[in-house]
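Chemist: See protein_38.txt below, with compact mmCIF, C-alpha atoms.
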```
# COMPACT_ATOMS: atom_id res chain seq x y z
CA MET W 7 -2.97 120.77 80.40
CA PHE W 8 -6.16 121.38 82.42
CA SER W 9 -4.77 124.62 83.82
CA ASN W 10 -4.37 125.88 80.24
CA ILE W 11 -7.91 125.10 79.17
CA ARG W 12 -9.61 126.07 82.42
CA PRO W 13 -9.99 129.78 81.46
CA HIS W 14 -11.83 128.66 78.31
CA LEU W 15 -14.46 126.52 80.06
CA ARG W 16 -16.71 129.36 81.23
CA PRO W 17 -16.68 131.34 77.93
CA THR W 18 -17.42 128.13 76.02
CA LEU W 19 -20.29 127.25 78.35
CA LEU W 20 -21.78 130.74 78.09
CA LEU W 21 -21.75 130.46 74.30
CA ALA W 22 -22.83 126.82 74.32
CA TYR W 23 -25.91 126.70 76.51
CA PRO W 24 -28.10 128.86 74.23
CA VAL W 25 -26.88 126.90 71.20
CA VAL W 26 -27.61 123.65 73.04
CA LEU W 27 -31.20 124.73 73.63
CA SER W 28 -31.52 125.98 70.08
CA GLN W 29 -30.09 122.75 68.65
CA LEU W 30 -32.45 120.77 70.83
CA GLY W 31 -35.23 122.64 69.08
CA HIS W 32 -34.58 120.62 65.92
CA ILE W 33 -34.77 117.27 67.67
CA MET W 34 -37.58 118.24 70.05
CA VAL W 35 -39.86 118.48 67.02
CA SER W 36 -39.16 114.80 66.30
CA PHE W 37 -39.43 113.99 70.02
CA VAL W 38 -42.89 115.56 70.33
CA ASP W 39 -44.04 113.96 67.08
CA SER W 40 -42.83 110.53 68.20
CA VAL W 41 -44.31 110.74 71.71
CA LEU W 42 -47.73 111.96 70.62
CA VAL W 43 -48.02 109.83 67.50
CA GLY W 44 -46.77 106.82 69.45
CA ARG W 45 -49.90 107.11 71.58
CA THR W 46 -51.98 106.34 68.48
CA GLY W 47 -50.30 102.99 67.80
CA THR W 48 -47.15 101.08 66.85
CA VAL W 49 -47.67 101.38 63.08
CA PRO W 50 -48.01 105.21 63.13
CA LEU W 51 -44.88 105.39 65.31
CA ALA W 52 -43.03 103.21 62.81
CA ALA W 53 -44.33 105.49 60.02
CA VAL W 54 -42.86 108.53 61.77
CA SER W 55 -39.57 106.65 62.01
CA LEU W 56 -39.64 105.88 58.29
CA GLY W 57 -40.61 109.46 57.44
CA VAL W 58 -37.96 111.00 59.68
CA ASN W 59 -35.23 108.71 58.41
CA SER W 60 -36.25 109.25 54.79
CA THR W 61 -36.01 113.03 55.07
CA ASN W 62 -33.40 113.62 57.76
CA VAL W 63 -30.51 113.24 55.33
CA ILE W 64 -31.99 115.99 53.16
CA MET W 65 -32.62 118.28 56.13
CA ILE W 66 -29.19 117.69 57.68
CA LEU W 67 -27.46 118.33 54.36
CA GLY W 68 -29.05 121.77 54.34
CA ILE W 69 -28.30 122.52 57.97
CA GLY W 70 -24.66 121.55 57.44
CA LEU W 71 -24.46 123.77 54.37
CA SER W 72 -25.73 126.74 56.40
CA MET W 73 -23.16 126.08 59.13
CA GLY W 74 -20.36 127.03 56.76
CA SER W 75 -20.97 130.69 57.61
CA VAL W 76 -20.13 130.27 61.32
CA PRO W 77 -16.32 129.85 61.08
CA LEU W 78 -16.11 132.51 58.36
CA VAL W 79 -18.18 135.01 60.36
CA ALA W 80 -16.26 134.22 63.55
CA ALA W 81 -12.90 134.69 61.80
CA ALA W 82 -14.03 137.95 60.17
CA ASP W 83 -15.27 139.16 63.54
CA GLY W 84 -11.88 138.28 65.03
CA ARG W 85 -10.23 140.42 62.33
CA ARG W 86 -12.84 143.22 62.81
CA ASP W 87 -13.51 143.04 59.07
CA LEU W 88 -16.87 144.81 58.74
CA PRO W 89 -17.09 144.76 54.90
CA ASP W 90 -16.53 141.01 54.85
CA LEU W 91 -19.15 140.52 57.57
CA ALA W 92 -21.65 142.47 55.46
CA ARG W 93 -20.93 140.26 52.45
CA LEU W 94 -21.30 137.16 54.60
CA LEU W 95 -24.68 138.35 55.93
CA VAL W 96 -26.14 138.81 52.45
CA SER W 97 -24.63 135.64 51.04
CA SER W 98 -25.66 133.48 54.01
CA VAL W 99 -29.28 134.46 53.49
CA TRP W 100 -29.15 133.87 49.73
CA LEU W 101 -27.48 130.48 50.11
CA SER W 102 -30.02 129.34 52.68
CA VAL W 103 -33.03 130.44 50.63
CA LEU W 104 -31.75 128.74 47.49
CA ALA W 105 -30.87 125.61 49.44
CA GLY W 106 -34.29 125.61 51.13
CA LEU W 107 -36.09 125.69 47.80
CA ALA W 108 -33.92 122.86 46.47
CA LEU W 109 -34.39 120.73 49.59
CA ALA W 110 -38.17 121.23 49.66
CA GLY W 111 -38.35 120.12 46.04
CA LEU W 112 -36.07 117.16 46.69
CA GLY W 113 -38.26 116.06 49.59
CA GLN W 114 -41.25 115.75 47.26
CA LEU W 115 -39.38 113.07 45.34
CA VAL W 116 -39.03 110.82 48.39
CA PRO W 117 -42.56 109.30 48.69
CA PRO W 118 -42.57 107.64 45.24
CA LEU W 119 -39.26 105.97 46.13
CA MET W 120 -40.38 104.56 49.47
CA HIS W 121 -41.67 101.28 48.10
CA TYR W 122 -38.10 100.42 47.12
CA LEU W 123 -37.06 100.42 50.79
CA GLY W 124 -38.78 97.13 51.62
CA GLN W 125 -40.89 98.46 54.48
CA ALA W 126 -44.26 97.18 55.68
CA PRO W 127 -47.01 98.42 53.30
CA ALA W 128 -49.09 99.86 56.16
CA VAL W 129 -46.08 101.83 57.44
CA GLU W 130 -45.24 103.13 53.97
CA ALA W 131 -48.84 104.21 53.31
CA LEU W 132 -48.87 106.41 56.42
CA ALA W 133 -45.34 107.78 55.96
CA ALA W 134 -45.67 109.03 52.35
CA PRO W 135 -48.17 111.91 52.91
CA TRP W 136 -46.35 112.87 56.13
CA VAL W 137 -43.12 113.29 54.15
CA ARG W 138 -44.84 115.46 51.52
CA VAL W 139 -45.94 117.98 54.13
CA ILE W 140 -42.80 117.92 56.26
CA SER W 141 -40.62 118.55 53.20
CA TRP W 142 -42.20 121.97 52.68
CA SER W 143 -40.96 122.95 56.13
CA PHE W 144 -37.36 122.75 54.87
CA LEU W 145 -37.66 126.17 53.22
CA PRO W 146 -38.55 128.12 56.40
CA LEU W 147 -36.09 125.98 58.36
CA MET W 148 -33.25 126.99 56.03
CA ILE W 149 -34.26 130.67 56.17
CA PHE W 150 -34.07 130.41 59.95
CA GLN W 151 -30.66 128.75 59.66
CA GLY W 152 -29.27 131.43 57.34
CA PHE W 153 -30.02 134.26 59.76
CA ARG W 154 -29.25 132.18 62.84
CA GLU W 155 -25.78 131.03 61.78
CA PHE W 156 -24.71 134.59 60.96
CA ALA W 157 -25.80 135.78 64.40
CA GLU W 158 -24.16 132.83 66.13
CA GLY W 159 -20.91 133.43 64.27
CA LEU W 160 -20.86 136.82 66.02
CA GLY W 161 -21.42 135.09 69.36
CA LEU W 162 -25.10 136.09 69.53
CA THR W 163 -26.53 132.72 70.52
CA ARG W 164 -29.40 133.53 72.88
CA GLN W 165 -31.80 134.91 70.28
CA ALA W 166 -32.05 131.65 68.33
CA MET W 167 -32.43 129.83 71.64
CA TRP W 168 -35.51 131.80 72.67
CA LEU W 169 -37.05 131.52 69.22
CA SER W 170 -36.49 127.75 69.24
CA VAL W 171 -38.14 127.48 72.65
CA LEU W 172 -41.13 129.52 71.45
CA ALA W 173 -41.47 127.53 68.24
CA ASN W 174 -41.28 124.22 70.09
CA VAL W 175 -43.99 125.26 72.53
CA LEU W 176 -46.17 126.17 69.55
CA ASN W 177 -45.29 122.89 67.79
CA ALA W 178 -46.19 120.84 70.88
CA ALA W 179 -49.51 122.63 71.33
CA LEU W 180 -50.44 122.35 67.66
CA CYS W 181 -49.31 118.73 67.50
CA TYR W 182 -51.42 117.84 70.54
CA ALA W 183 -54.44 119.63 69.08
CA LEU W 184 -54.16 118.28 65.53
CA VAL W 185 -53.13 114.69 66.30
CA PHE W 186 -55.96 114.09 68.79
CA GLY W 187 -58.52 116.71 67.68
CA HIS W 188 -58.48 118.78 70.87
CA TRP W 189 -59.49 122.43 71.33
CA GLY W 190 -61.81 122.35 68.34
CA ALA W 191 -59.08 121.29 65.89
CA PRO W 192 -59.66 118.48 63.39
CA GLN W 193 -58.38 115.05 64.45
CA MET W 194 -55.66 114.39 61.87
CA GLY W 195 -53.63 111.68 63.58
CA LEU W 196 -50.13 111.29 62.15
CA MET W 197 -50.64 114.13 59.64
CA GLY W 198 -51.36 116.60 62.42
CA SER W 199 -47.74 116.39 63.56
CA ALA W 200 -46.48 117.26 60.07
CA TRP W 201 -48.69 120.35 59.75
CA ALA W 202 -47.74 121.47 63.26
CA THR W 203 -44.05 121.31 62.35
CA LEU W 204 -44.57 123.30 59.14
CA ILE W 205 -46.39 126.09 60.99
CA ALA W 206 -43.84 126.23 63.83
CA ARG W 207 -40.84 126.37 61.48
CA THR W 208 -42.46 129.16 59.46
CA LEU W 209 -42.83 131.20 62.65
CA MET W 210 -39.17 130.53 63.57
CA ALA W 211 -37.99 131.76 60.18
CA GLY W 212 -40.01 134.97 60.32
CA LEU W 213 -38.93 135.92 63.82
CA MET W 214 -35.22 135.14 63.27
CA ALA W 215 -35.21 137.18 60.06
CA ALA W 216 -36.91 140.07 61.86
CA TYR W 217 -34.26 140.04 64.60
CA VAL W 218 -31.27 140.16 62.24
CA LEU W 219 -32.87 142.73 59.93
CA LEU W 220 -34.22 145.04 62.63
CA ALA W 221 -32.15 144.68 65.84
CA GLN W 222 -30.18 147.80 66.75
CA ARG W 223 -27.12 145.83 67.87
CA LEU W 224 -26.73 144.48 64.31
CA HIS W 225 -27.19 147.87 62.64
CA GLN W 226 -23.49 148.26 61.81
CA TYR W 227 -23.50 145.07 59.74
CA ARG W 228 -26.63 146.02 57.82
CA ALA W 229 -25.28 149.55 57.27
CA ALA W 230 -22.14 148.09 55.69
CA VAL W 231 -24.20 146.21 53.09
CA HIS W 232 -23.82 147.89 49.70
CA SER W 233 -26.19 145.56 47.86
CA TRP W 234 -28.61 142.79 48.81
CA LEU W 235 -27.89 141.03 45.54
CA PRO W 236 -25.78 137.86 45.91
CA ASP W 237 -22.00 138.21 45.89
CA TRP W 238 -20.90 135.15 43.95
CA ALA W 239 -17.36 135.06 45.30
CA THR W 240 -18.65 135.07 48.90
CA LEU W 241 -21.30 132.50 48.02
CA ALA W 242 -18.51 130.31 46.69
CA ARG W 243 -16.56 130.70 49.96
CA LEU W 244 -19.62 129.75 51.98
CA PHE W 245 -20.31 126.78 49.76
CA ASP W 246 -16.68 125.66 49.90
CA ILE W 247 -16.88 125.47 53.70
CA GLY W 248 -20.54 124.51 54.12
CA ALA W 249 -20.81 121.78 51.49
CA PRO W 250 -18.21 119.47 53.12
CA ILE W 251 -19.91 120.07 56.50
CA GLY W 252 -23.27 119.15 54.98
CA VAL W 253 -21.80 116.10 53.25
CA GLN W 254 -20.10 114.92 56.45
CA MET W 255 -23.34 115.32 58.42
CA ALA W 256 -25.29 113.61 55.65
CA PHE W 257 -22.87 110.66 55.70
CA GLU W 258 -23.44 110.27 59.44
CA VAL W 259 -27.20 110.79 59.44
CA GLY W 260 -27.49 108.75 56.24
CA ALA W 261 -25.76 105.87 57.98
CA PHE W 262 -28.28 105.99 60.82
CA ALA W 263 -31.14 106.33 58.31
CA THR W 264 -29.86 103.31 56.39
CA ALA W 265 -29.61 101.41 59.66
CA ALA W 266 -33.27 102.29 60.32
CA ILE W 267 -34.24 100.98 56.89
CA MET W 268 -32.40 97.72 57.57
CA ILE W 269 -34.13 97.42 60.94
CA GLY W 270 -37.46 98.05 59.17
CA TRP W 271 -36.87 94.81 57.24
CA LEU W 272 -37.31 93.08 60.60
CA GLY W 273 -40.83 94.48 61.09
CA ALA W 274 -42.80 97.37 62.60
CA VAL W 275 -41.94 96.54 66.22
CA PRO W 276 -38.11 96.66 65.81
CA LEU W 277 -38.47 99.86 63.73
CA ALA W 278 -40.63 101.48 66.40
CA ALA W 279 -38.08 100.44 69.06
CA HIS W 280 -35.30 101.94 66.94
CA GLN W 281 -37.24 105.20 66.68
CA VAL W 282 -37.59 105.37 70.46
CA ALA W 283 -33.90 104.72 71.14
CA ILE W 284 -32.53 106.88 68.33
CA ASN W 285 -34.80 109.76 69.29
CA LEU W 286 -33.47 109.72 72.86
CA ALA W 287 -29.87 109.40 71.62
CA SER W 288 -30.48 112.28 69.19
CA ILE W 289 -31.51 114.54 72.06
CA THR W 290 -28.18 114.09 73.80
CA TYR W 291 -26.31 114.37 70.49
CA MET W 292 -27.94 117.68 69.64
CA ALA W 293 -27.05 119.01 73.09
CA ALA W 294 -23.43 117.96 72.52
CA SER W 295 -23.48 119.55 69.08
CA GLY W 296 -24.37 122.84 70.78
CA ILE W 297 -21.10 122.66 72.71
CA ALA W 298 -19.35 121.81 69.43
CA ALA W 299 -20.92 124.88 67.79
CA ALA W 300 -19.52 127.01 70.60
CA ALA W 301 -16.13 125.43 69.90
CA THR W 302 -16.43 126.46 66.25
CA ILE W 303 -17.15 130.06 67.25
CA ARG W 304 -14.39 130.25 69.87
CA VAL W 305 -11.73 128.49 67.79
CA GLY W 306 -12.64 130.46 64.67
CA LYS W 307 -12.56 133.84 66.39
CA LEU W 308 -9.27 133.14 68.16
CA MET W 309 -7.69 131.81 64.98
CA GLY W 310 -8.97 134.85 63.06
CA GLY W 311 -7.31 137.04 65.68
CA GLY W 312 -4.03 135.16 65.21
CA ASP W 313 -3.94 133.43 68.62
CA MET W 314 -3.52 129.76 67.69
CA PRO W 315 -2.42 128.57 71.18
CA ALA W 316 -5.66 129.95 72.64
CA ALA W 317 -7.64 128.40 69.79
CA ARG W 318 -6.11 125.01 70.66
CA GLN W 319 -7.00 125.45 74.33
CA ALA W 320 -10.57 126.46 73.46
CA GLY W 321 -10.94 123.33 71.36
CA PHE W 322 -9.77 121.07 74.16
CA ALA W 323 -12.05 122.88 76.62
CA ALA W 324 -14.96 121.81 74.41
CA TYR W 325 -13.62 118.24 74.45
CA VAL W 326 -13.65 118.22 78.27
CA LEU W 327 -17.18 119.61 78.43
CA GLY W 328 -18.46 117.22 75.78
CA PHE W 329 -16.89 114.18 77.42
CA GLY W 330 -18.34 115.02 80.82
CA PHE W 331 -21.82 115.66 79.46
CA MET W 332 -22.05 112.56 77.27
CA ALA W 333 -20.60 110.24 79.91
CA THR W 334 -23.32 111.44 82.27
CA MET W 335 -25.99 110.87 79.61
CA GLY W 336 -24.68 107.37 79.00
CA ALA W 337 -25.10 106.55 82.67
CA LEU W 338 -28.67 107.90 82.57
CA PHE W 339 -29.49 105.75 79.55
CA ILE W 340 -28.40 102.65 81.46
CA ALA W 341 -30.34 103.63 84.57
CA LEU W 342 -33.55 104.59 82.73
CA ARG W 343 -33.51 102.11 79.84
CA HIS W 344 -36.74 100.42 81.03
CA GLN W 345 -38.60 103.61 81.96
CA ALA W 346 -37.72 106.10 79.19
CA PRO W 347 -39.30 104.07 76.34
CA LEU W 348 -42.65 104.26 78.14
CA LEU W 349 -42.82 107.92 77.13
CA TYR W 350 -43.29 106.75 73.54
CA SER W 351 -45.16 103.45 73.69
CA HIS W 352 -46.83 100.99 76.04
CA ASP W 353 -46.32 98.09 73.65
CA ALA W 354 -44.30 95.64 75.78
CA ALA W 355 -42.32 94.33 72.80
CA VAL W 356 -41.36 97.86 71.68
CA VAL W 357 -40.35 98.88 75.20
CA ALA W 358 -38.21 95.76 75.72
CA GLN W 359 -36.34 96.12 72.41
CA ALA W 360 -35.84 99.86 72.93
CA GLY W 361 -34.31 99.15 76.34
CA THR W 362 -31.75 96.82 74.75
CA LEU W 363 -30.85 99.43 72.14
CA LEU W 364 -30.45 102.07 74.85
CA LEU W 365 -27.70 99.95 76.42
CA ILE W 366 -25.74 100.20 73.16
CA ALA W 367 -26.61 103.91 72.90
CA ALA W 368 -25.13 104.38 76.38
CA LEU W 369 -21.86 102.92 75.13
CA PHE W 370 -21.61 105.19 72.10
CA GLN W 371 -22.49 108.38 73.99
CA VAL W 372 -18.84 109.17 74.71
CA SER W 373 -17.72 108.32 71.17
CA ASP W 374 -20.56 110.40 69.75
CA GLY W 375 -19.68 113.34 72.00
CA LEU W 376 -15.97 113.23 71.18
CA GLN W 377 -16.52 113.00 67.44
CA VAL W 378 -18.89 115.97 67.36
CA MET W 379 -16.44 118.02 69.47
CA GLY W 380 -13.73 117.18 66.96
CA LEU W 381 -15.94 118.28 64.11
CA GLY W 382 -16.77 121.57 65.84
CA ALA W 383 -13.18 122.39 66.72
CA LEU W 384 -11.91 121.55 63.22
CA ARG W 385 -14.64 123.68 61.63
CA GLY W 386 -13.29 126.59 63.62
CA LEU W 387 -10.00 125.98 61.79
CA GLU W 388 -11.97 125.81 58.50
CA ASP W 389 -10.79 122.20 58.23
CA VAL W 390 -13.89 120.50 56.82
CA LYS W 391 -12.90 118.28 53.89
CA VAL W 392 -10.84 115.61 55.64
CA PRO W 393 -13.57 114.98 58.26
CA SER W 394 -15.99 114.32 55.39
CA VAL W 395 -13.72 111.61 54.01
CA VAL W 396 -13.27 110.13 57.49
CA ALA W 397 -17.06 109.99 57.94
CA LEU W 398 -17.56 108.34 54.55
CA LEU W 399 -15.08 105.57 55.28
CA ALA W 400 -16.00 105.00 58.93
CA TYR W 401 -19.76 104.86 58.47
CA TRP W 402 -20.19 103.42 55.00
CA ALA W 403 -17.13 101.18 54.66
CA VAL W 404 -17.07 99.90 58.26
CA ALA W 405 -20.16 100.63 60.37
CA LEU W 406 -22.96 99.66 57.97
CA PRO W 407 -21.35 96.52 56.51
CA LEU W 408 -20.48 95.33 60.01
CA GLY W 409 -23.99 96.18 61.25
CA TYR W 410 -25.54 94.21 58.40
CA PHE W 411 -23.25 91.24 59.07
CA LEU W 412 -24.03 91.21 62.80
CA GLY W 413 -27.73 91.96 62.40
CA PHE W 414 -28.64 89.64 59.53
CA ARG W 415 -25.85 87.11 58.97
CA LEU W 416 -25.29 86.42 62.67
CA HIS W 417 -28.98 87.12 63.44
CA TYR W 418 -28.44 89.63 66.24
CA GLY W 419 -31.13 91.84 64.72
CA ALA W 420 -31.36 95.52 65.61
CA PRO W 421 -28.69 95.31 68.38
CA GLY W 422 -26.23 93.97 65.79
CA VAL W 423 -26.94 96.89 63.45
CA TRP W 424 -26.42 99.34 66.32
CA THR W 425 -23.13 97.69 67.28
CA GLY W 426 -21.80 98.51 63.82
CA LEU W 427 -22.79 102.16 64.33
CA LEU W 428 -20.98 102.17 67.67
CA LEU W 429 -17.73 101.13 65.98
CA GLY W 430 -18.13 103.76 63.27
CA LEU W 431 -18.60 106.57 65.79
CA THR W 432 -15.57 105.40 67.77
CA ILE W 433 -13.34 105.42 64.68
CA VAL W 434 -14.40 108.96 63.73
CA ALA W 435 -13.87 110.21 67.29
CA GLY W 436 -10.34 108.81 67.43
CA VAL W 437 -9.24 110.11 64.04
CA LEU W 438 -10.59 113.63 64.62
CA ILE W 439 -8.98 114.15 68.01
CA VAL W 440 -5.61 113.11 66.54
CA ARG W 441 -6.13 115.54 63.65
CA PHE W 442 -7.07 118.47 65.89
CA ARG W 443 -4.01 117.88 68.07
CA ARG W 444 -1.78 117.83 65.00
CA GLU W 445 -3.31 120.87 63.31
CA THR W 446 -2.99 122.99 66.46
CA ALA W 447 0.34 121.66 67.72
CA PRO W 448 2.95 124.26 68.83
CA GLY W 449 4.71 125.60 65.76
CA TYR W 450 1.62 125.27 63.60
CA ILE W 451 1.20 128.36 61.42
CA ALA W 452 -2.30 129.05 60.16
CA GLU W 453 -2.54 130.01 56.51
CA PRO W 454 -3.99 133.48 56.03
CA VAL W 455 -7.66 133.47 55.12
CA ALA W 456 -8.17 134.68 51.55
CA VAL W 457 -10.72 137.46 51.44
CA PRO W 458 -11.97 138.57 48.04
```
Take the structure in the file and give it back as structure tokens.
Modeler:
Amino acid sequence: MFSNIRPHLRPTLLLAYPVVLSQLGHIMVSFVDSVLVGRTGTVPLAAVSLGVNSTNVIMILGIGLSMGSVPLVAAADGRRDLPDLARLLVSSVWLSVLAGLALAGLGQLVPPLMHYLGQAPAVEALAAPWVRVISWSFLPLMIFQGFREFAEGLGLTRQAMWLSVLANVLNAALCYALVFGHWGAPQMGLMGSAWATLIARTLMAGLMAAYVLLAQRLHQYRAAVHSWLPDWATLARLFDIGAPIGVQMAFEVGAFATAAIMIGWLGAVPLAAHQVAINLASITYMAASGIAAAATIRVGKLMGGGDMPAARQAGFAAYVLGFGFMATMGALFIALRHQAPLLYSHDAAVVAQAGTLLLIAALFQVSDGLQVMGLGALRGLEDVKVPSVVALLAYWAVALPLGYFLGFRLHYGAPGVWTGLLLGLTIVAGVLIVRFRRETAPGYIAEPVAVP
């Protein structure tokens, strides 16, 4: 088996590492916000946690929707179908802009609903204005995603990587200046991190759009565009693939957000500890999702070219890479569970509880890595609806009820809630690997992709 997938390891890695760095760009914003705001106190750090968890579901729904273009672009590229690629370019941008406007508006509805979440009043008071500002950043983020996912579907992954690095450097500098009032900037505390993120994401959107619309290597795709008006049939194809991806991601992130809300019922200290641990776990997850994105591109292109055996091997190559990476990260979490939380807070109670949660995070690293590899490989096959159902059942019918039972009925607190999440991730990982093996088994015949 390994001899079959070995030739796919290097191509997958070459595609994956820029996507990994680009994906990390999304979570590094939260990392920088949490580290710098955490220096101002436990309550502001808990407010960031509440704000992030209140808006992440909205943001992830949009990102998942934009990801629907990747398997379609990769398959069209495998077929060398230039007219379809032109339609996908235009429609990807339109879908992302429309989604960005909708998500930004939806985010403005979150603050009035926060008092129903049962959080500490001081935490809620700080989180509400932060959410209002951060929600406006969803529009430029989605514009960035629309152009980025088209380029990545063609295998052009380095451009988004460099733009993410640049934007994160700018975000860190602005966040440092605005949170603490350095370099002549106003001292805005928690709100400084929100404004820094909005500015950085706007820059990302502008530069990514400029690359796709001006780069010479993409001229053939722009030249094939007959109209920049939306093509409704192609928009429907993108939505048909992207919506289940967004829903699946929202189910997963929503489960973690709901877990954060439950932990917030225990007080500001457990919520701050949760933010520390989940932020570190999110960094490794986003890195793994970069490998999964490479799997989507590789599997989609090979399937589009009619080579299903190679598509199967490329998918399993991603599984091997993801397993190795996440197992290593799990070991690091165990080794550094007492030191890593000090990056965020020097509150002894926060650090101690975060260290306990990192032990559980270490256990679910492998499950988390395997489930995201399964999602990436199945997206390459344009198989997106069944994984959404699996996520719904695993997270909302098993993980959260079990977490609530362990955390509040058996009084294990935040570790009990996290144990429920661990089981949910493990169920999803197991089901998806079985499905990918079945869908790519020898004798499997891919249905032809309908192109309007």
Chemist: Between CA of Thr290 (chain W) and CA of His417 (chain W), what is the distance, to one decimal in Å?
Modeler: 28.9 Å
Chemist: Box time for region 294-297 of chain W: axis-aligned, enclosing all its listed atoms, 8 Å extra on each side; report centre and edge lengths in Å to one decimal, as JSON.
Modeler:
```
{"center_x": -22.7, "center_y": 120.4, "center_z": 70.9, "size_x": 19.3, "size_y": 20.9, "size_z": 19.6}
```
Chemist: Between CA of Ser199 (chain W) and CA of Leu101 (chain W), measure the distance and give it in Å to one decimal.
Modeler: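 Separating CA of Ser199 (chain W) from CA of Leu101 (chain W) is a distance of 28.1 Å.
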Chemist: Point out the residue among W:Leu147, W:Val185, W:Ala157, W:Gly260 with the least atom-to-atom distance to Leu21 (chain W), counting only C-alpha atoms.
Modeler: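 Among W:Leu147, W:Val185, W:Ala157, W:Gly260, it is W:Ala157 that comes nearest to Leu21 (chain W).
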Chemist: What separation in Å, quoted to one decimal, exists between CA of Arg343 (chain W) and CA of Asn62 (chain W)?
Modeler: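 CA of Arg343 (chain W) sits 24.9 Å away from CA of Asn62 (chain W).
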Chemist: For the interface of region 154-174 of chain W with region 72-96 of chain W (cut-off 6 Å, counting only C-alpha atoms), please tabulate each contacting residue of region 154-174 of chain W alongside its nearest pair of atoms and their separation in Å to one decimal, rows sorted by chain and increasing number, as a Markdown table.
Modeler:
```
| residue | atom | partner | partner_atom | distance |
| --- | --- | --- | --- | --- |
| W:Glu155 | CA | W:Val76 | CA | 5.7 |
| W:Gly159 | CA | W:Val76 | CA | 4.4 |
| W:Leu160 | CA | W:Ala80 | CA | 5.8 |
```
Chemist: Write a file of the just-selected residues containing C-alpha atoms, as an mmCIF file, in the frame of the given file.
Modeler:
```
data_model
loop_
_atom_site.group_PDB
_atom_site.id
_atom_site.type_symbol
_atom_site.label_atom_id
_atom_site.label_comp_id
_atom_site.auth_asym_id
_atom_site.auth_seq_id
_atom_site.Cartn_x
_atom_site.Cartn_y
_atom_site.Cartn_z
ATOM 1 C CA GLU W 155 -25.780 131.030 61.780
ATOM 2 C CA GLY W 159 -20.910 133.430 64.270
ATOM 3 C CA LEU W 160 -20.860 136.820 66.020
#
```
Chemist: Please return as number ranges by chain every residue within 10 Å of (-25.2, 124.8, 76.2), taking into account all atoms listed in the file and the file's own coordinates.
Modeler: W: 18-30, 163, 167, 293-300, 327
Chemist: Tell me, counting all atoms listed in the file, for each residue of region 141-164 of chain W within 7 Å of region 108-128 of chain W, which pair of atoms is nearest and how far apart they are in Å to one decimal, in rows ordered by chain and increasing number, as JSON lines.
Modeler:
```
{"residue": "W:Ser141", "atom": "CA", "partner": "W:Gly113", "partner_atom": "CA", "distance": 5.0}
{"residue": "W:Trp142", "atom": "CA", "partner": "W:Ala110", "partner_atom": "CA", "distance": 5.1}
{"residue": "W:Phe144", "atom": "CA", "partner": "W:Ala110", "partner_atom": "CA", "distance": 5.5}
{"residue": "W:Leu145", "atom": "CA", "partner": "W:Ala110", "partner_atom": "CA", "distance": 6.1}
```
Chemist: Could you pull out every residue with an atom within 10 Å of (-13.8, 126.4, 76.7), file coordinates, counting all atoms listed in the file, and send them as an mmCIF file with C-alpha atoms, keeping the file's coordinate frame?
Modeler:
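Resulting contents of point.cif:
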```
data_model
loop_
_atom_site.group_PDB
_atom_site.id
_atom_site.type_symbol
_atom_site.label_atom_id
_atom_site.label_comp_id
_atom_site.auth_asym_id
_atom_site.auth_seq_id
_atom_site.Cartn_x
_atom_site.Cartn_y
_atom_site.Cartn_z
ATOM 1 C CA ILE W 11 -7.910 125.100 79.170
ATOM 2 C CA ARG W 12 -9.610 126.070 82.420
ATOM 3 C CA PRO W 13 -9.990 129.780 81.460
ATOM 4 C CA HIS W 14 -11.830 128.660 78.310
ATOM 5 C CA LEU W 15 -14.460 126.520 80.060
ATOM 6 C CA ARG W 16 -16.710 129.360 81.230
ATOM 7 C CA PRO W 17 -16.680 131.340 77.930
ATOM 8 C CA THR W 18 -17.420 128.130 76.020
ATOM 9 C CA LEU W 19 -20.290 127.250 78.350
ATOM 10 C CA LEU W 20 -21.780 130.740 78.090
ATOM 11 C CA LEU W 21 -21.750 130.460 74.300
ATOM 12 C CA ALA W 22 -22.830 126.820 74.320
ATOM 13 C CA ILE W 297 -21.100 122.660 72.710
ATOM 14 C CA ALA W 300 -19.520 127.010 70.600
ATOM 15 C CA ALA W 301 -16.130 125.430 69.900
ATOM 16 C CA ARG W 304 -14.390 130.250 69.870
ATOM 17 C CA VAL W 305 -11.730 128.490 67.790
ATOM 18 C CA ALA W 316 -5.660 129.950 72.640
ATOM 19 C CA ALA W 317 -7.640 128.400 69.790
ATOM 20 C CA ARG W 318 -6.110 125.010 70.660
ATOM 21 C CA GLN W 319 -7.000 125.450 74.330
ATOM 22 C CA ALA W 320 -10.570 126.460 73.460
ATOM 23 C CA GLY W 321 -10.940 123.330 71.360
ATOM 24 C CA PHE W 322 -9.770 121.070 74.160
ATOM 25 C CA ALA W 323 -12.050 122.880 76.620
ATOM 26 C CA ALA W 324 -14.960 121.810 74.410
ATOM 27 C CA TYR W 325 -13.620 118.240 74.450
ATOM 28 C CA VAL W 326 -13.650 118.220 78.270
ATOM 29 C CA LEU W 327 -17.180 119.610 78.430
#
```
Chemist: For region 190-269 of chain W against region 383-389 of chain W, with a cut-off of 10 Å and counting all atoms listed in the file, what is the closest atom pair and its distance in Å to one decimal for every residue that makes the cut, ordered by chain and number, as JSON lines?
Modeler:
```
{"residue": "W:Asp246", "atom": "CA", "partner": "W:Glu388", "partner_atom": "CA", "distance": 9.8}
{"residue": "W:Ile247", "atom": "CA", "partner": "W:Glu388", "partner_atom": "CA", "distance": 6.9}
{"residue": "W:Gly248", "atom": "CA", "partner": "W:Arg385", "partner_atom": "CA", "distance": 9.6}
{"residue": "W:Pro250", "atom": "CA", "partner": "W:Asp389", "partner_atom": "CA", "distance": 9.4}
{"residue": "W:Ile251", "atom": "CA", "partner": "W:Arg385", "partner_atom": "CA", "distance": 8.2}
```
